[in-house]
>>> print(open('upload00.cif').read())   # mmCIF, C-alpha atoms
data_work
#
loop_
_atom_site.label_atom_id
_atom_site.label_comp_id
_atom_site.auth_asym_id
_atom_site.auth_seq_id
_atom_site.Cartn_x
_atom_site.Cartn_y
_atom_site.Cartn_z
CA MET A 1 -40.65 24.80 66.58
CA ASP A 2 -41.95 21.28 65.95
CA TYR A 3 -41.18 19.86 62.51
CA THR A 4 -42.77 16.75 61.00
CA PRO A 5 -40.07 14.56 59.44
CA ALA A 6 -40.24 14.83 55.66
CA VAL A 7 -40.49 11.80 53.40
CA ILE A 8 -37.56 12.15 51.02
CA ILE A 9 -38.52 9.66 48.30
CA SER A 10 -41.43 10.10 45.91
CA ARG A 11 -44.81 8.53 46.62
CA ALA A 12 -44.64 6.61 43.35
CA VAL A 13 -41.31 5.02 44.21
CA ALA A 14 -42.42 4.34 47.79
CA GLU A 15 -45.46 2.49 46.44
CA ASN A 16 -43.37 0.56 43.91
CA LEU A 17 -40.92 -0.50 46.59
CA THR A 18 -43.75 -2.34 48.33
CA LYS A 19 -44.37 -4.40 45.19
CA ALA A 20 -40.73 -4.53 44.11
CA SER A 21 -39.19 -7.53 42.48
CA TRP A 22 -40.07 -10.90 43.97
CA ILE A 23 -36.89 -12.16 42.35
CA ARG A 24 -34.68 -10.00 44.55
CA ARG A 25 -36.83 -10.70 47.58
CA MET A 26 -36.39 -14.45 47.21
CA PHE A 27 -32.69 -14.04 46.49
CA GLU A 28 -32.34 -12.27 49.83
CA GLU A 29 -34.35 -15.04 51.51
CA GLY A 30 -31.91 -17.50 49.99
CA ALA A 31 -28.94 -15.69 51.51
CA ARG A 32 -30.62 -15.90 54.92
CA LEU A 33 -31.42 -19.62 54.58
CA LYS A 34 -27.89 -20.46 53.40
CA GLN A 35 -26.46 -18.79 56.48
CA GLU A 36 -28.96 -20.57 58.69
CA ARG A 37 -28.85 -24.09 57.18
CA GLY A 38 -25.67 -24.20 55.12
CA ALA A 39 -25.29 -23.50 51.41
CA ASP A 40 -25.41 -27.21 50.47
CA LYS A 41 -28.97 -27.50 51.87
CA VAL A 42 -30.46 -24.56 49.93
CA PHE A 43 -31.34 -24.75 46.22
CA ASP A 44 -31.69 -21.28 44.75
CA PHE A 45 -33.63 -21.04 41.47
CA THR A 46 -34.48 -17.33 41.72
CA LEU A 47 -32.04 -15.37 39.55
CA GLY A 48 -31.59 -15.64 35.79
CA ASN A 49 -27.88 -14.96 36.12
CA PRO A 50 -25.82 -17.15 33.72
CA GLU A 51 -23.58 -19.47 35.71
CA ILE A 52 -21.34 -20.18 32.72
CA GLU A 53 -18.52 -18.00 31.42
CA PRO A 54 -18.59 -16.05 28.12
CA PRO A 55 -17.20 -17.83 25.04
CA PRO A 56 -13.38 -17.55 24.79
CA ALA A 57 -13.68 -15.63 21.50
CA VAL A 58 -15.63 -12.90 23.29
CA LEU A 59 -13.04 -12.44 26.02
CA ALA A 60 -10.26 -12.53 23.41
CA ALA A 61 -11.99 -9.77 21.43
CA ALA A 62 -12.30 -7.63 24.58
CA ARG A 63 -8.57 -8.07 25.24
CA ARG A 64 -7.75 -7.04 21.67
CA VAL A 65 -9.72 -3.83 22.07
CA LEU A 66 -8.06 -3.07 25.40
CA ASP A 67 -4.61 -3.77 23.98
CA SER A 68 -5.17 -1.75 20.81
CA ASP A 69 -3.26 1.52 20.36
CA ALA A 70 -5.87 2.85 17.90
CA PRO A 71 -6.89 6.37 19.00
CA HIS A 72 -10.25 7.31 20.50
CA LEU A 73 -11.62 3.78 20.91
CA HIS A 74 -13.00 4.77 24.31
CA ALA A 75 -14.04 8.36 23.55
CA TYR A 76 -17.46 9.92 23.11
CA MET A 77 -19.33 8.94 19.97
CA PRO A 78 -22.75 9.67 18.44
CA ASN A 79 -25.47 8.88 20.99
CA ALA A 80 -26.74 6.10 18.73
CA GLY A 81 -23.37 4.35 18.87
CA HIS A 82 -20.35 3.96 16.59
CA PRO A 83 -21.48 3.94 12.93
CA ARG A 84 -19.19 0.97 12.12
CA VAL A 85 -20.69 -1.05 14.96
CA ARG A 86 -24.25 -0.21 13.93
CA GLU A 87 -23.43 -1.20 10.34
CA ALA A 88 -22.08 -4.56 11.57
CA VAL A 89 -25.38 -5.16 13.42
CA ALA A 90 -27.37 -3.99 10.38
CA THR A 91 -25.48 -6.47 8.19
CA ARG A 92 -26.54 -9.34 10.45
CA LEU A 93 -30.13 -8.06 10.45
CA ARG A 94 -30.16 -7.91 6.64
CA GLN A 95 -28.95 -11.49 6.47
CA ALA A 96 -31.50 -12.70 9.04
CA THR A 97 -34.57 -10.83 7.79
CA GLY A 98 -33.95 -10.05 4.12
CA LEU A 99 -34.86 -6.43 4.87
CA PRO A 100 -32.65 -3.43 3.92
CA TYR A 101 -31.36 -2.51 7.37
CA THR A 102 -28.62 0.14 7.53
CA ALA A 103 -26.71 1.75 10.38
CA SER A 104 -29.50 4.35 10.51
CA HIS A 105 -31.96 1.67 11.64
CA VAL A 106 -29.83 0.55 14.63
CA LEU A 107 -29.24 2.27 17.96
CA MET A 108 -26.79 0.74 20.44
CA THR A 109 -28.09 0.64 24.02
CA VAL A 110 -27.06 -0.10 27.60
CA GLY A 111 -28.65 -3.56 27.48
CA ALA A 112 -32.25 -4.50 26.67
CA GLY A 113 -33.64 -2.70 29.72
CA ALA A 114 -32.21 0.59 28.51
CA ALA A 115 -33.44 -0.20 24.99
CA LEU A 116 -37.02 -0.55 26.26
CA ASN A 117 -36.86 2.59 28.38
CA THR A 118 -35.33 4.54 25.49
CA VAL A 119 -38.11 3.61 23.07
CA LEU A 120 -40.95 3.97 25.59
CA LYS A 121 -39.69 7.45 26.48
CA ALA A 122 -39.89 8.31 22.78
CA LEU A 123 -43.41 6.88 22.35
CA LEU A 124 -45.41 7.66 25.47
CA ASP A 125 -47.32 10.72 26.60
CA PRO A 126 -48.80 10.73 30.14
CA GLY A 127 -51.70 8.29 30.34
CA ASP A 128 -50.74 6.30 27.25
CA GLU A 129 -50.93 2.51 27.39
CA VAL A 130 -48.58 -0.36 26.60
CA ILE A 131 -50.17 -3.80 26.17
CA THR A 132 -48.28 -6.94 27.12
CA VAL A 133 -49.13 -10.62 27.44
CA ALA A 134 -48.83 -12.57 30.69
CA PRO A 135 -46.58 -14.00 31.87
CA PHE A 136 -44.25 -11.04 31.37
CA PHE A 137 -40.92 -9.74 32.66
CA ALA A 138 -41.84 -8.01 35.91
CA GLU A 139 -39.96 -4.78 35.18
CA TYR A 140 -42.27 -3.95 32.24
CA THR A 141 -44.73 -2.39 34.69
CA PHE A 142 -42.11 0.01 35.98
CA TYR A 143 -40.66 0.71 32.54
CA ALA A 144 -44.07 1.94 31.32
CA GLU A 145 -44.67 3.96 34.50
CA ASN A 146 -41.22 5.55 34.20
CA HIS A 147 -42.53 7.54 31.24
CA GLY A 148 -46.05 8.32 32.41
CA GLY A 149 -47.56 5.26 30.80
CA ARG A 150 -49.57 2.32 32.06
CA LEU A 151 -49.03 -1.38 31.41
CA VAL A 152 -52.15 -3.28 30.33
CA VAL A 153 -51.81 -7.03 30.86
CA VAL A 154 -53.65 -9.56 28.67
CA GLN A 155 -53.95 -13.16 29.81
CA PRO A 156 -52.65 -15.81 27.37
CA ARG A 157 -54.07 -18.97 25.86
CA ALA A 158 -53.60 -22.27 27.69
CA ASP A 159 -50.30 -22.85 25.85
CA LEU A 160 -49.07 -19.44 27.13
CA THR A 161 -49.04 -17.86 23.66
CA PRO A 162 -50.96 -14.60 23.04
CA ASP A 163 -54.74 -14.72 22.88
CA LEU A 164 -55.33 -12.50 19.84
CA ALA A 165 -58.98 -11.80 20.62
CA LYS A 166 -58.09 -10.58 24.11
CA LEU A 167 -55.18 -8.59 22.70
CA GLU A 168 -57.44 -6.79 20.24
CA ALA A 169 -60.09 -6.17 22.92
CA ALA A 170 -57.46 -4.47 25.10
CA ILE A 171 -56.64 -1.82 22.49
CA THR A 172 -57.99 1.66 23.28
CA PRO A 173 -57.39 5.14 21.83
CA LYS A 174 -54.56 5.44 24.37
CA THR A 175 -52.65 2.34 23.18
CA ARG A 176 -49.25 3.25 21.75
CA ALA A 177 -47.39 -0.08 21.78
CA ILE A 178 -47.71 -3.83 22.17
CA LEU A 179 -44.71 -5.32 24.00
CA VAL A 180 -43.97 -9.04 23.61
CA ASN A 181 -41.12 -11.24 24.80
CA SER A 182 -40.29 -14.46 22.93
CA PRO A 183 -38.59 -16.72 23.92
CA ASN A 184 -40.46 -15.73 27.01
CA ASN A 185 -39.22 -14.96 30.48
CA PRO A 186 -40.58 -16.66 32.60
CA SER A 187 -42.24 -19.45 30.57
CA GLY A 188 -39.65 -20.32 27.91
CA VAL A 189 -42.46 -20.35 25.33
CA ILE A 190 -41.69 -19.20 21.76
CA TYR A 191 -44.51 -17.39 19.98
CA PRO A 192 -45.15 -18.89 16.50
CA ALA A 193 -44.98 -16.92 13.26
CA SER A 194 -48.76 -17.17 12.96
CA THR A 195 -49.12 -15.02 16.08
CA PHE A 196 -47.22 -12.19 14.42
CA VAL A 197 -49.14 -12.58 11.17
CA GLU A 198 -52.35 -12.06 13.15
CA ILE A 199 -50.87 -9.11 15.07
CA GLU A 200 -50.05 -7.47 11.72
CA LYS A 201 -53.69 -7.84 10.64
CA LEU A 202 -54.85 -6.50 14.00
CA LEU A 203 -52.59 -3.42 13.77
CA ALA A 204 -53.77 -2.73 10.23
CA ARG A 205 -57.30 -2.32 11.63
CA THR A 206 -56.35 0.32 14.23
CA ALA A 207 -57.08 3.99 13.54
CA ARG A 208 -53.99 5.23 15.39
CA PRO A 209 -50.47 3.93 14.68
CA ILE A 210 -49.41 1.28 17.22
CA VAL A 211 -45.93 -0.26 17.23
CA LEU A 212 -44.99 -3.80 18.16
CA ILE A 213 -41.90 -3.94 20.40
CA SER A 214 -40.30 -7.39 20.32
CA ASP A 215 -38.05 -7.93 23.36
CA GLU A 216 -35.61 -10.66 22.29
CA PRO A 217 -32.67 -11.18 24.71
CA TYR A 218 -33.24 -14.97 24.72
CA LYS A 219 -33.58 -15.38 20.95
CA ALA A 220 -30.38 -17.44 20.59
CA LEU A 221 -31.22 -19.77 23.50
CA VAL A 222 -33.58 -22.30 21.90
CA PHE A 223 -33.99 -26.07 22.13
CA ASP A 224 -35.16 -28.97 19.99
CA ASP A 225 -34.49 -27.18 16.67
CA VAL A 226 -37.42 -24.81 17.27
CA LYS A 227 -37.16 -21.68 15.10
CA VAL A 228 -37.77 -18.22 16.55
CA PRO A 229 -39.67 -16.18 13.94
CA GLU A 230 -38.06 -13.03 12.58
CA VAL A 231 -40.61 -10.40 13.56
CA PRO A 232 -39.80 -7.46 11.22
CA PRO A 233 -40.74 -9.29 7.98
CA LEU A 234 -44.08 -10.18 9.58
CA VAL A 235 -45.05 -6.91 11.33
CA THR A 236 -44.61 -3.61 9.50
CA ARG A 237 -44.41 -1.29 12.53
CA SER A 238 -41.97 -3.38 14.54
CA ILE A 239 -39.04 -2.50 16.77
CA VAL A 240 -36.65 -5.12 18.09
CA ALA A 241 -35.10 -4.55 21.53
CA THR A 242 -32.42 -7.00 22.56
CA SER A 243 -29.07 -7.56 24.23
CA TRP A 244 -26.12 -9.94 24.28
CA SER A 245 -26.55 -10.54 28.03
CA LYS A 246 -27.82 -14.09 27.67
CA SER A 247 -26.40 -15.19 24.30
CA LEU A 248 -22.83 -14.27 25.35
CA ALA A 249 -23.32 -14.67 29.14
CA ILE A 250 -22.33 -11.04 29.80
CA PRO A 251 -25.35 -9.49 31.60
CA GLY A 252 -23.09 -7.33 33.75
CA GLU A 253 -21.62 -5.59 30.71
CA ARG A 254 -24.93 -4.01 29.61
CA ILE A 255 -24.78 -4.01 25.82
CA GLY A 256 -27.74 -4.27 23.44
CA TYR A 257 -29.56 -2.43 20.67
CA LEU A 258 -32.82 -1.16 19.21
CA ALA A 259 -33.58 -1.95 15.56
CA PHE A 260 -36.31 -0.04 13.73
CA SER A 261 -37.79 -1.97 10.83
CA PRO A 262 -37.00 -0.49 7.40
CA ARG A 263 -40.61 -1.30 6.50
CA MET A 264 -41.82 1.29 9.04
CA ALA A 265 -42.51 4.73 7.57
CA GLU A 266 -41.59 6.32 10.90
CA ALA A 267 -38.22 4.52 11.25
CA ALA A 268 -36.06 7.63 10.71
CA GLU A 269 -38.25 9.69 13.05
CA LEU A 270 -38.00 7.06 15.79
CA PHE A 271 -34.24 6.70 15.32
CA GLU A 272 -33.78 10.44 15.92
CA ALA A 273 -36.20 10.44 18.86
CA CYS A 274 -34.47 7.50 20.53
CA SER A 275 -31.02 9.01 19.97
CA PHE A 276 -32.34 11.96 21.96
CA THR A 277 -34.13 9.96 24.68
CA SER A 278 -31.10 7.73 25.21
CA ARG A 279 -29.09 10.85 25.97
CA VAL A 280 -31.57 12.62 28.24
CA LEU A 281 -32.25 9.44 30.21
CA GLY A 282 -28.57 9.55 31.12
CA PHE A 283 -27.35 6.54 29.14
CA VAL A 284 -25.46 8.92 26.76
CA ASN A 285 -24.16 5.98 24.74
CA ALA A 286 -23.66 2.23 25.07
CA PRO A 287 -20.24 1.14 26.46
CA ALA A 288 -17.60 1.69 23.77
CA LEU A 289 -15.51 -1.38 24.65
CA TRP A 290 -18.45 -3.74 24.30
CA GLN A 291 -19.70 -2.08 21.13
CA TRP A 292 -16.40 -2.98 19.46
CA VAL A 293 -16.56 -6.50 20.89
CA VAL A 294 -20.07 -7.30 19.64
CA ALA A 295 -19.29 -5.79 16.24
CA GLU A 296 -16.58 -8.43 15.92
CA VAL A 297 -18.04 -11.48 17.70
CA GLY A 298 -21.70 -10.66 18.35
CA ASP A 299 -22.78 -13.68 16.35
CA GLN A 300 -21.17 -16.05 18.86
CA VAL A 301 -23.56 -18.01 21.12
CA ILE A 302 -22.94 -19.93 24.31
CA ASP A 303 -23.42 -23.69 24.27
CA VAL A 304 -27.13 -24.21 25.03
CA GLY A 305 -26.64 -27.96 25.56
CA PRO A 306 -26.29 -27.75 29.37
CA TYR A 307 -29.47 -25.65 29.60
CA ARG A 308 -31.38 -28.12 27.42
CA GLU A 309 -30.22 -30.98 29.66
CA LYS A 310 -31.31 -29.12 32.81
CA ARG A 311 -34.61 -28.19 31.14
CA ASP A 312 -35.25 -31.87 30.47
CA LEU A 313 -34.26 -32.93 33.98
CA MET A 314 -36.47 -30.33 35.65
CA TYR A 315 -39.44 -30.66 33.29
CA GLU A 316 -39.50 -34.45 33.39
CA GLY A 317 -38.93 -34.49 37.15
CA LEU A 318 -41.74 -32.03 37.84
CA THR A 319 -44.27 -33.69 35.53
CA ARG A 320 -43.45 -37.09 37.07
CA ILE A 321 -44.28 -35.62 40.50
CA GLY A 322 -47.58 -34.26 39.15
CA TYR A 323 -46.91 -30.63 38.32
CA GLN A 324 -48.60 -29.24 35.20
CA CYS A 325 -46.21 -27.39 32.94
CA VAL A 326 -45.86 -26.11 29.36
CA LYS A 327 -42.52 -27.46 28.14
CA PRO A 328 -40.07 -24.58 27.61
CA GLN A 329 -38.78 -24.20 24.06
CA GLY A 330 -36.09 -21.65 24.90
CA ALA A 331 -34.57 -19.29 27.49
CA PHE A 332 -33.55 -20.93 30.79
CA TYR A 333 -36.69 -21.05 32.92
CA VAL A 334 -39.48 -23.49 33.76
CA PHE A 335 -42.91 -22.09 34.73
CA PRO A 336 -45.11 -24.83 36.24
CA ARG A 337 -48.55 -24.41 37.76
CA THR A 338 -48.66 -24.61 41.54
CA PRO A 339 -50.75 -27.40 43.10
CA ILE A 340 -52.69 -24.76 45.05
CA ASP A 341 -54.04 -21.45 43.74
CA ASP A 342 -51.99 -19.37 46.18
CA ASP A 343 -48.58 -19.33 44.52
CA VAL A 344 -47.05 -17.17 47.28
CA ALA A 345 -48.08 -19.71 49.91
CA PHE A 346 -46.63 -22.51 47.79
CA VAL A 347 -43.35 -20.63 47.39
CA ARG A 348 -43.19 -20.59 51.19
CA LEU A 349 -43.78 -24.35 51.30
CA LEU A 350 -40.89 -24.82 48.88
CA ALA A 351 -38.69 -22.50 50.93
CA ASP A 352 -39.37 -24.69 53.98
CA GLU A 353 -37.79 -27.48 51.91
CA GLY A 354 -34.81 -25.26 51.06
CA VAL A 355 -36.01 -24.71 47.48
CA LEU A 356 -36.20 -21.08 46.37
CA THR A 357 -38.41 -20.05 43.45
CA VAL A 358 -40.33 -16.92 42.42
CA PRO A 359 -44.14 -16.69 42.52
CA GLY A 360 -45.92 -16.27 39.21
CA SER A 361 -47.81 -13.30 40.69
CA GLY A 362 -44.68 -11.27 40.04
CA PHE A 363 -45.01 -12.06 36.32
CA GLY A 364 -48.73 -11.34 36.02
CA MET A 365 -49.79 -14.99 36.35
CA PRO A 366 -50.71 -16.16 39.84
CA GLY A 367 -50.88 -19.91 40.35
CA HIS A 368 -47.44 -20.51 38.85
CA ILE A 369 -43.79 -20.38 39.91
CA ARG A 370 -40.69 -19.46 37.95
CA ILE A 371 -37.69 -21.77 38.23
CA SER A 372 -34.40 -20.48 36.81
CA LEU A 373 -32.02 -23.11 35.42
CA THR A 374 -28.86 -21.02 35.80
CA VAL A 375 -27.57 -23.50 38.37
CA GLU A 376 -25.36 -26.57 38.32
CA ARG A 377 -26.93 -29.79 37.02
CA ASP A 378 -26.47 -31.41 40.42
CA THR A 379 -28.57 -28.66 42.01
CA VAL A 380 -31.54 -29.69 39.87
CA VAL A 381 -31.11 -33.36 40.78
CA ARG A 382 -30.79 -32.71 44.52
CA ALA A 383 -33.69 -30.21 44.60
CA LEU A 384 -36.33 -32.46 43.01
CA PRO A 385 -37.12 -34.34 46.26
CA GLY A 386 -37.87 -30.95 47.87
CA PHE A 387 -40.22 -30.09 44.99
CA GLU A 388 -41.96 -33.43 45.58
CA ARG A 389 -42.30 -33.00 49.36
CA ALA A 390 -43.79 -29.51 48.94
CA PHE A 391 -46.20 -30.82 46.29
CA ARG A 392 -47.41 -33.60 48.62
CA LYS A 393 -47.82 -31.17 51.53
CA ALA A 394 -49.88 -28.80 49.37
CA ARG A 395 -52.14 -31.65 48.27
#
>>> encode(input="upload00.cif", output="structure tokens")
Amino acid sequence: MDYTPAVIISRAVAENLTKASWIRRMFEEGARLKQERGADKVFDFTLGNPEIEPPPAVLAAARRVLDSDAPHLHAYMPNAGHPRVREAVATRLRQATGLPYTASHVLMTVGAGAALNTVLKALLDPGDEVITVAPFFAEYTFYAENHGGRLVVVQPRADLTPDLAKLEAAITPKTRAILVNSPNNPSGVIYPASTFVEIEKLLARTARPIVLISDEPYKALVFDDVKVPEVPPLVTRSIVATSWSKSLAIPGERIGYLAFSPRMAEAAELFEACSFTSRVLGFVNAPALWQWVVAEVGDQVIDVGPYREKRDLMYEGLTRIGYQCVKPQGAFYVFPRTPIDDDVAFVRLLADEGVLTVPGSGFGMPGHIRISLTVERDTVVRALPGFERAFRKAR
């Protein structure tokens, strides 16, 4: 009997694999070029993987937990996380926002990615919509689709902040959430307080409740004394999703949280729903070791000075060459326009020069590239001639 070979993976995943992360694709291209040309001739700006080590106080806290003889430090706990840890986070939130956060407003998560999936699972029915603003973290598309939803992308203003008129026009009866990321990956732009004031007015005009999800893993990484607005005092139905991956340089440890604004009437309902969705998605609970660590030293922050210096070097070098670019205010990326409309073709021109970047198409904004600054300072200096040669070739 003749059998046709079966396709073992789902159609949805097969389709998503074809448009999977440009970041990983370029990282793999970098590995090939390094083998072909030598590592010293390839300048890889693709991954946002901190090249610095965590602060000593963080590692010391982890050792204290590991050395402790206190019982059950590494046992099961409530799905939302250890109450003492959640209260420590709530205390910081009270101090930062002036709002009455308690442990019952905080849910510990397996990083910010798990936080977003946990809350979207709780919010979305099949066909529901999540609005975001370009440029956006590429995985948002898949996060919404994971739970039967659809990501609706709104183009920004020229300064890469949200265009409120376009945002309001994108709202439909199926809209359940607006998802924003500030400081932004990939642009480094920080959305001003006025943006959130206007979003609050916009949400007050909607017939169906819509929540604002503020994705904030880069909140502590800011330059030039720019202030990142506290969103919950400005937007009533707001949920903060964040992690310590970037602020403590521990992305591999996967520790973060969801915080439901005390101003939100549905806060208790969402806390219970997300405690459930965190479990059924298989996260069960955030890592116990790192919960205890961030409860103790979660207010530590890496030294952002080296990133500011590399931001200045790259931004000033690119604008001198002729690139157009909004100056990043935070995070550790630069997001210049490409000298030709086809950003993928320009990424190939850069790769010919041994410079690896990610096309803006992967972030919902063609005609740009993302440059990650999680490299040594010398890498920026030595790569700028390659950026210039590719620019001249494109012109």
>>> residues_around(input="upload00.cif", residues="A:Asp342", least_positions_apart="2", cutoff="10 Å", atoms="only C-alpha atoms", output="CSV table (one decimal) with C-alpha atoms, in the frame of the given file")
chain,number,residue,atom,x,y,z
A,338,THR,CA,-48.7,-24.6,41.5
A,339,PRO,CA,-50.8,-27.4,43.1
A,340,ILE,CA,-52.7,-24.8,45.0
A,344,VAL,CA,-47.0,-17.2,47.3
A,345,ALA,CA,-48.1,-19.7,49.9
A,346,PHE,CA,-46.6,-22.5,47.8
A,347,VAL,CA,-43.4,-20.6,47.4
A,359,PRO,CA,-44.1,-16.7,42.5
A,360,GLY,CA,-45.9,-16.3,39.2
A,361,SER,CA,-47.8,-13.3,40.7
A,366,PRO,CA,-50.7,-16.2,39.8
A,367,GLY,CA,-50.9,-19.9,40.4
A,368,HIS,CA,-47.4,-20.5,38.8
>>> atom_distance(input="upload00.cif", atom1="atom CA of A:Val180", atom2="atom CA of A:Tyr140")
10.2 Å
>>> residues_around(input="upload00.cif", residues="A:Asp40", least_positions_apart="6", cutoff="12 Å", atoms="all atoms listed in the file", output="number ranges by chain")
A: 30, 33-34, 354-355, 378-379, 382-383
>>> write_last_selection(input="upload00.cif", atoms="C-alpha atoms", output="compact mmCIF listing (two decimals), in the coordinates of the input")
# COMPACT_ATOMS: atom_id res chain seq x y z
CA GLY A 30 -31.91 -17.50 49.99
CA LEU A 33 -31.42 -19.62 54.58
CA LYS A 34 -27.89 -20.46 53.40
CA GLY A 354 -34.81 -25.26 51.06
CA VAL A 355 -36.01 -24.71 47.48
CA ASP A 378 -26.47 -31.41 40.42
CA THR A 379 -28.57 -28.66 42.01
CA ARG A 382 -30.79 -32.71 44.52
CA ALA A 383 -33.69 -30.21 44.60
>>> closest_residue(input="upload00.cif", among="A:Ala351, A:Asp215, A:Leu164, A:Arg205", to="A:Asn184", atoms="all atoms listed in the file")
A:Asp215
>>> residues_around(input="upload00.cif", residues="A:Ala268", least_positions_apart="3", cutoff="8 Å", atoms="all atoms listed in the file", output="VMD selection string")
chain A and resid 104 to 105 265 271 to 272
>>> closest_residue(input="upload00.cif", among="A:Ser238, A:Thr118, A:Asn181, A:Ser187", to="A:Pro209", atoms="all atoms listed in the file")
A:Ser238
>>> atom_distance(input="upload00.cif", atom1="atom CA of A:Pro306", atom2="atom CA of A:Thr374")
9.7 Å
>>> closest_atom_pairs(input="upload00.cif", of="stretch 292-351 of chain A", to="stretch 74-95 of chain A", cutoff="10 Å", atoms="only C-alpha atoms", output="JSON lines")
{"residue": "A:Trp292", "atom": "CA", "partner": "A:Val85", "partner_atom": "CA", "distance": 6.5}
{"residue": "A:Val293", "atom": "CA", "partner": "A:Val85", "partner_atom": "CA", "distance": 9.1}
{"residue": "A:Val294", "atom": "CA", "partner": "A:Val85", "partner_atom": "CA", "distance": 7.8}
{"residue": "A:Ala295", "atom": "CA", "partner": "A:Val85", "partner_atom": "CA", "distance": 5.1}
{"residue": "A:Glu296", "atom": "CA", "partner": "A:Ala88", "partner_atom": "CA", "distance": 8.0}
{"residue": "A:Gly298", "atom": "CA", "partner": "A:Val89", "partner_atom": "CA", "distance": 8.3}
{"residue": "A:Asp299", "atom": "CA", "partner": "A:Arg92", "partner_atom": "CA", "distance": 8.2}
>>> resolve_selection(input="upload00.cif", expression="the PyMOL selection byres ((chain A and resi 332) around 8)", output="list in words")
Gly48, Gly188, Leu221, Tyr307, Arg311, Gly330, Ala331, Tyr333, Val334, Ser372, Leu373 and Thr374 of chain A
>>> closest_atom_pairs(input="upload00.cif", of="stretch 36-145 of chain A", to="stretch 249-264 of chain A", cutoff="9 Å", atoms="only C-alpha atoms", output="JSON lines")
{"residue": "A:Asn49", "atom": "CA", "partner": "A:Pro251", "partner_atom": "CA", "distance": 7.5}
{"residue": "A:Pro50", "atom": "CA", "partner": "A:Ala249", "partner_atom": "CA", "distance": 5.8}
{"residue": "A:Glu51", "atom": "CA", "partner": "A:Ala249", "partner_atom": "CA", "distance": 8.1}
{"residue": "A:Ile52", "atom": "CA", "partner": "A:Ala249", "partner_atom": "CA", "distance": 6.9}
{"residue": "A:Glu53", "atom": "CA", "partner": "A:Ala249", "partner_atom": "CA", "distance": 6.3}
{"residue": "A:Pro54", "atom": "CA", "partner": "A:Ala249", "partner_atom": "CA", "distance": 5.0}
{"residue": "A:Pro55", "atom": "CA", "partner": "A:Ala249", "partner_atom": "CA", "distance": 8.0}
{"residue": "A:Arg86", "atom": "CA", "partner": "A:Tyr257", "partner_atom": "CA", "distance": 8.9}
{"residue": "A:Val89", "atom": "CA", "partner": "A:Tyr257", "partner_atom": "CA", "distance": 8.8}
{"residue": "A:Ala90", "atom": "CA", "partner": "A:Ala259", "partner_atom": "CA", "distance": 8.3}
{"residue": "A:Leu93", "atom": "CA", "partner": "A:Ala259", "partner_atom": "CA", "distance": 8.7}
{"residue": "A:Leu99", "atom": "CA", "partner": "A:Pro262", "partner_atom": "CA", "distance": 6.8}
{"residue": "A:Pro100", "atom": "CA", "partner": "A:Pro262", "partner_atom": "CA", "distance": 6.3}
{"residue": "A:Tyr101", "atom": "CA", "partner": "A:Pro262", "partner_atom": "CA", "distance": 6.0}
{"residue": "A:Thr102", "atom": "CA", "partner": "A:Pro262", "partner_atom": "CA", "distance": 8.4}
{"residue": "A:Ser104", "atom": "CA", "partner": "A:Phe260", "partner_atom": "CA", "distance": 8.7}
{"residue": "A:His105", "atom": "CA", "partner": "A:Phe260", "partner_atom": "CA", "distance": 5.1}
{"residue": "A:Val106", "atom": "CA", "partner": "A:Ala259", "partner_atom": "CA", "distance": 4.6}
{"residue": "A:Leu107", "atom": "CA", "partner": "A:Leu258", "partner_atom": "CA", "distance": 5.1}
{"residue": "A:Met108", "atom": "CA", "partner": "A:Tyr257", "partner_atom": "CA", "distance": 4.2}
{"residue": "A:Thr109", "atom": "CA", "partner": "A:Tyr257", "partner_atom": "CA", "distance": 4.8}
{"residue": "A:Val110", "atom": "CA", "partner": "A:Ile255", "partner_atom": "CA", "distance": 4.9}
{"residue": "A:Gly111", "atom": "CA", "partner": "A:Gly256", "partner_atom": "CA", "distance": 4.2}
{"residue": "A:Ala112", "atom": "CA", "partner": "A:Gly256", "partner_atom": "CA", "distance": 5.6}
{"residue": "A:Gly113", "atom": "CA", "partner": "A:Gly256", "partner_atom": "CA", "distance": 8.8}
{"residue": "A:Ala114", "atom": "CA", "partner": "A:Gly256", "partner_atom": "CA", "distance": 8.3}
{"residue": "A:Ala115", "atom": "CA", "partner": "A:Leu258", "partner_atom": "CA", "distance": 5.9}
{"residue": "A:Leu116", "atom": "CA", "partner": "A:Leu258", "partner_atom": "CA", "distance": 8.2}
{"residue": "A:Thr118", "atom": "CA", "partner": "A:Leu258", "partner_atom": "CA", "distance": 8.8}
{"residue": "A:Val119", "atom": "CA", "partner": "A:Leu258", "partner_atom": "CA", "distance": 8.1}
>>> atom_distance(input="upload00.cif", atom1="atom CA of A:Glu266", atom2="atom CA of A:Leu123")
11.6 Å
>>> resolve_selection(input="upload00.cif", expression="the PyMOL selection byres ((chain A and resi 163) around 12)", output="number ranges by chain")
A: 132-134, 153-162, 164-170, 191, 194-196, 198-199
>>> residues_near_point(input="upload00.cif", point="(-38.3, -18.6, 41.5)", cutoff="7 Å", atoms="all atoms listed in the file", output="tab-separated table (two decimals) with C-alpha atoms, in the frame of the given file")
chain	number	residue	atom	x	y	z
A	23	ILE	CA	-36.89	-12.16	42.35
A	45	PHE	CA	-33.63	-21.04	41.47
A	46	THR	CA	-34.48	-17.33	41.72
A	356	LEU	CA	-36.20	-21.08	46.37
A	357	THR	CA	-38.41	-20.05	43.45
A	358	VAL	CA	-40.33	-16.92	42.42
A	359	PRO	CA	-44.14	-16.69	42.52
A	369	ILE	CA	-43.79	-20.38	39.91
A	370	ARG	CA	-40.69	-19.46	37.95
A	371	ILE	CA	-37.69	-21.77	38.23
A	372	SER	CA	-34.40	-20.48	36.81
